[in-house]
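Student: Here you go, one structure.
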Amino acid sequence: MKSYPINIKSFGECAVLVEWPPKVDESILMDILDFVDSFKALKIPGWEMVIAYNSVTMVNNEDPVDFKKIESLITDSYSGRHGSKITRQHNLWNIPVCYDLEFGIDLGEVSKTLGLSIEELIAQHTSHQYIVYGIGFLPGFMYLGGLPKSLEIPRRSEPRLAVAKGSVGLAGKQTGVYPQDSPGGWNIIGNCPIPLFNPKLQEPCFVKVGDKVQFHAISKAEYDLHKIEGEVGIYKPEKVVLNA
Amino acid sequence: MLRVLKSGFFTTIQDLGRFGYRDKGVPVAGAMDTASVKKANLLLENEANAAVMEITMTGPTLEFENPTCICLSGAHLSPTLNNRPIENYQVVKVSKGDILSYGKLEKGFRGYLAIKGGFKTAEILGSRSQYFPVTSHKRLKDGDEVDYHGTSSFSPAISEIKLHDRFSISTLEVYTGPEFSMLTDGQLATIFSKSFTISKENNRMAYQLSELIEGHSNSILTSGTLPGTIQLTPAGRLIILMKDGQTTGGYPRILQLSENSISVLAQKKFGDSLSFKLL
């Protein structure tokens, strides 16, 4: 197993930051997840761990952080990360998106800029599996990696004041779904009818960091059906279990 | 039941925050000035996490439907109970039909109303703190009713404390942030010698400062942020994240406020000045 040089930095009274080399890389993400499992196995109460790309922000909600003490616990957990027999499960989530022009308000412009027909654009967007490198920014917002180069497009020069909940966007090397109404500068190509964040559930977000997401195109009629299923809480997201 | 006759400028229910869901992108929320909240709850012999009302700039008008005890803290907003002035950090008995109302903002920016036993609004993901869309509303509205358990038997061990208020403190204590080392000597000199002004862009999510410092072209991969994280934008703007702030961000995190200084900043408003001191 490959080891990375990790960097432990103090981050105020309540937190520490652990950084891996600054790259968007699936093997780094898996190494971070191994470390997080190894640290969680220590069962020290009060710690929250926020993973994003090449880092974990570790926040203690109970006691002020003793940097020297946590630094050595982190170093030990990192060296021991392959010792524990935790089998982590990753899922591939099949997420429905309606690419009708009613929702994909920037489809025309994006298709022109990228030199792809709308059909080709949808075919490319739905043919890739995207890795979840982090959840943040808004409740349930996934940072997805693995967008094909052919779909890279700069964010809009002027952000919109309101982007509708469920909007599926493209910006730079990223694609993603707005989990709630929000201002935003991404190019909107469709809408996902199912809630990616539901505060009524004990586990409000079914997707986890390290999972994969693939979009599939649905018709307006299917969209309306899934929307209602989502609202009454009976929509079951489709998943395939991947080997960890 | 407490009846909200008028809700005021921005009045919310807050406890100490919603912990355990940052990895789902959920801000911790919670009272902005926890130092003031903890003292009021202590006088009422409440749990530290008992929910209080956070009252911003212009206060509400409230009617109590059951007898209880209350304690105010934080900003001075000229509060009166049935038109008689009441003080901060004093346990006050209230009766059915009493009206609590507020007047002119004298000092600070956020006042707190703590109540015996805490407000009993629904807990969502382990907290009563209002944050939309985790809670269904972002703030209280005219006509809302807020639950509490009435009591007429409470007699406090300590009914009043006198405190020096902290509204005149304008120096915020900071620790180095993860990207502190990217600051140039020029930027460091500006940050630690100049005084800054709070801009109009200030709310529960973040406080932006009016003065720009020297900009930069450093970029980082999106990474975790906390209440009290000071970000520096490429244009040289300082943004201080607060309790409803996003859980991750892509601007360099140059400094981190002490927990105490987050409470101090929570009482500042547009036009107030402040400076930074490295711990």
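Identifiers for the structure tokens are assigned positionally: chains receive A, B, ... in sequence, residues are indexed from 1 per chain, and ligands are indexed from 1 in the order shown.
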Could you please select, counting only C-alpha atoms, the residues of chain B within 10 Å of chain A and state them as a ChimeraX atom specification?
Tutor: /B:17,19-27,124-126,132-136,174-179,220-226,228-229,245-250,253-259
Student: Quick one: pick out all strand (DSSP E or B) residues within stretch 80-223 of chain A from a backbone DSSP run and write them as a ChimeraX atom specification.
Tutor: /A:90-98,130-135,142-145,153,160-163,167-172,174-177,182-184,187-191,212-217
Student: Please, could you write that set of residues out with C-alpha atoms as an mmCIF file, in the first residue's frame?
Tutor:
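As written to disk, again-v8.cif reads:
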```
data_model
loop_
_atom_site.group_PDB
_atom_site.id
_atom_site.type_symbol
_atom_site.label_atom_id
_atom_site.label_comp_id
_atom_site.auth_asym_id
_atom_site.auth_seq_id
_atom_site.Cartn_x
_atom_site.Cartn_y
_atom_site.Cartn_z
ATOM 1 C CA HIS A 90 -19.027 2.129 -1.494
ATOM 2 C CA ASN A 91 -22.113 2.503 -3.610
ATOM 3 C CA LEU A 92 -22.699 3.632 -7.154
ATOM 4 C CA TRP A 93 -25.846 5.775 -7.143
ATOM 5 C CA ASN A 94 -27.940 6.023 -10.254
ATOM 6 C CA ILE A 95 -29.407 9.524 -10.159
ATOM 7 C CA PRO A 96 -32.246 10.554 -12.502
ATOM 8 C CA VAL A 97 -31.949 13.843 -14.390
ATOM 9 C CA CYS A 98 -34.452 15.418 -16.752
ATOM 10 C CA TYR A 130 -18.302 10.596 -10.935
ATOM 11 C CA ILE A 131 -16.497 10.165 -7.612
ATOM 12 C CA VAL A 132 -17.771 12.077 -4.577
ATOM 13 C CA TYR A 133 -14.688 13.928 -3.267
ATOM 14 C CA GLY A 134 -16.536 15.826 -0.578
ATOM 15 C CA ILE A 135 -19.899 17.084 0.649
ATOM 16 C CA MET A 142 -21.509 16.833 -3.636
ATOM 17 C CA TYR A 143 -18.106 17.777 -5.028
ATOM 18 C CA LEU A 144 -17.883 15.390 -7.993
ATOM 19 C CA GLY A 145 -14.715 14.518 -9.881
ATOM 20 C CA ILE A 153 -16.854 24.851 -19.622
ATOM 21 C CA ARG A 160 -27.658 33.914 -11.110
ATOM 22 C CA LEU A 161 -29.318 35.177 -7.932
ATOM 23 C CA ALA A 162 -31.529 32.091 -7.840
ATOM 24 C CA VAL A 163 -30.815 28.630 -9.183
ATOM 25 C CA SER A 167 -30.489 21.982 -10.894
ATOM 26 C CA VAL A 168 -27.665 19.995 -12.487
ATOM 27 C CA GLY A 169 -24.743 22.172 -13.519
ATOM 28 C CA LEU A 170 -21.349 22.248 -15.227
ATOM 29 C CA ALA A 171 -18.478 24.546 -14.185
ATOM 30 C CA GLY A 172 -14.796 24.043 -14.956
ATOM 31 C CA GLN A 174 -16.911 20.031 -11.961
ATOM 32 C CA THR A 175 -20.461 18.817 -12.314
ATOM 33 C CA GLY A 176 -23.006 18.766 -9.521
ATOM 34 C CA VAL A 177 -26.548 19.135 -8.253
ATOM 35 C CA SER A 182 -29.387 29.038 -4.069
ATOM 36 C CA PRO A 183 -27.464 31.738 -5.926
ATOM 37 C CA GLY A 184 -24.987 30.170 -8.340
ATOM 38 C CA ASN A 187 -24.248 26.348 -16.384
ATOM 39 C CA ILE A 188 -27.558 24.549 -15.825
ATOM 40 C CA ILE A 189 -28.213 21.543 -18.071
ATOM 41 C CA GLY A 190 -31.009 19.661 -16.276
ATOM 42 C CA ASN A 191 -32.822 18.971 -13.028
ATOM 43 C CA LYS A 212 -19.796 7.169 -7.139
ATOM 44 C CA VAL A 213 -22.646 8.839 -8.955
ATOM 45 C CA GLN A 214 -23.908 8.233 -12.463
ATOM 46 C CA PHE A 215 -26.719 10.253 -13.987
ATOM 47 C CA HIS A 216 -29.407 8.793 -16.263
ATOM 48 C CA ALA A 217 -31.748 10.758 -18.494
#
```
Student: I'd like the neighbourhood of B:Glu47 as a VMD selection string, where a residue qualifies if any of its atoms comes within 10 Å (using only C-alpha atoms), though same-chain residues fewer than 2 positions away should be ignored.
Tutor: chain B and resid 38 41 to 42 44 to 45 49 to 51 116 to 118
Student: For the selection you just gave me, I'd like the residues written to a file as a PDB file, in the first residue's frame, keeping C-alpha atoms.
Tutor:
```pdb
ATOM      1  CA  LYS B  38     -24.100  30.429  28.631  1.00  0.00           C
ATOM      2  CA  ASN B  41     -28.681  29.774  31.058  1.00  0.00           C
ATOM      3  CA  LEU B  42     -26.434  29.394  34.098  1.00  0.00           C
ATOM      4  CA  LEU B  44     -31.664  30.049  35.204  1.00  0.00           C
ATOM      5  CA  GLU B  45     -29.926  26.770  36.183  1.00  0.00           C
ATOM      6  CA  ASN B  49     -27.550  23.740  25.515  1.00  0.00           C
ATOM      7  CA  ALA B  50     -31.052  25.034  26.456  1.00  0.00           C
ATOM      8  CA  ALA B  51     -32.566  26.902  23.483  1.00  0.00           C
ATOM      9  CA  LYS B 116     -36.437  28.461  32.473  1.00  0.00           C
ATOM     10  CA  GLY B 117     -36.047  24.996  30.917  1.00  0.00           C
ATOM     11  CA  GLY B 118     -35.308  26.417  27.444  1.00  0.00           C
TER      12      GLY B 118
END
```
Student: Quick one: distance from atom CA of B:Lys6 to atom CA of B:Met53 in Å, one decimal?
Tutor: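 That distance, rounded to one decimal, is 13.6 Å.
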Student: Interatomic distance between atom CA of B:Leu5 and atom CA of B:Asp33?
Tutor: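 Atom CA of B:Asp33 lies at a distance of 24.9 Å from atom CA of B:Leu5.
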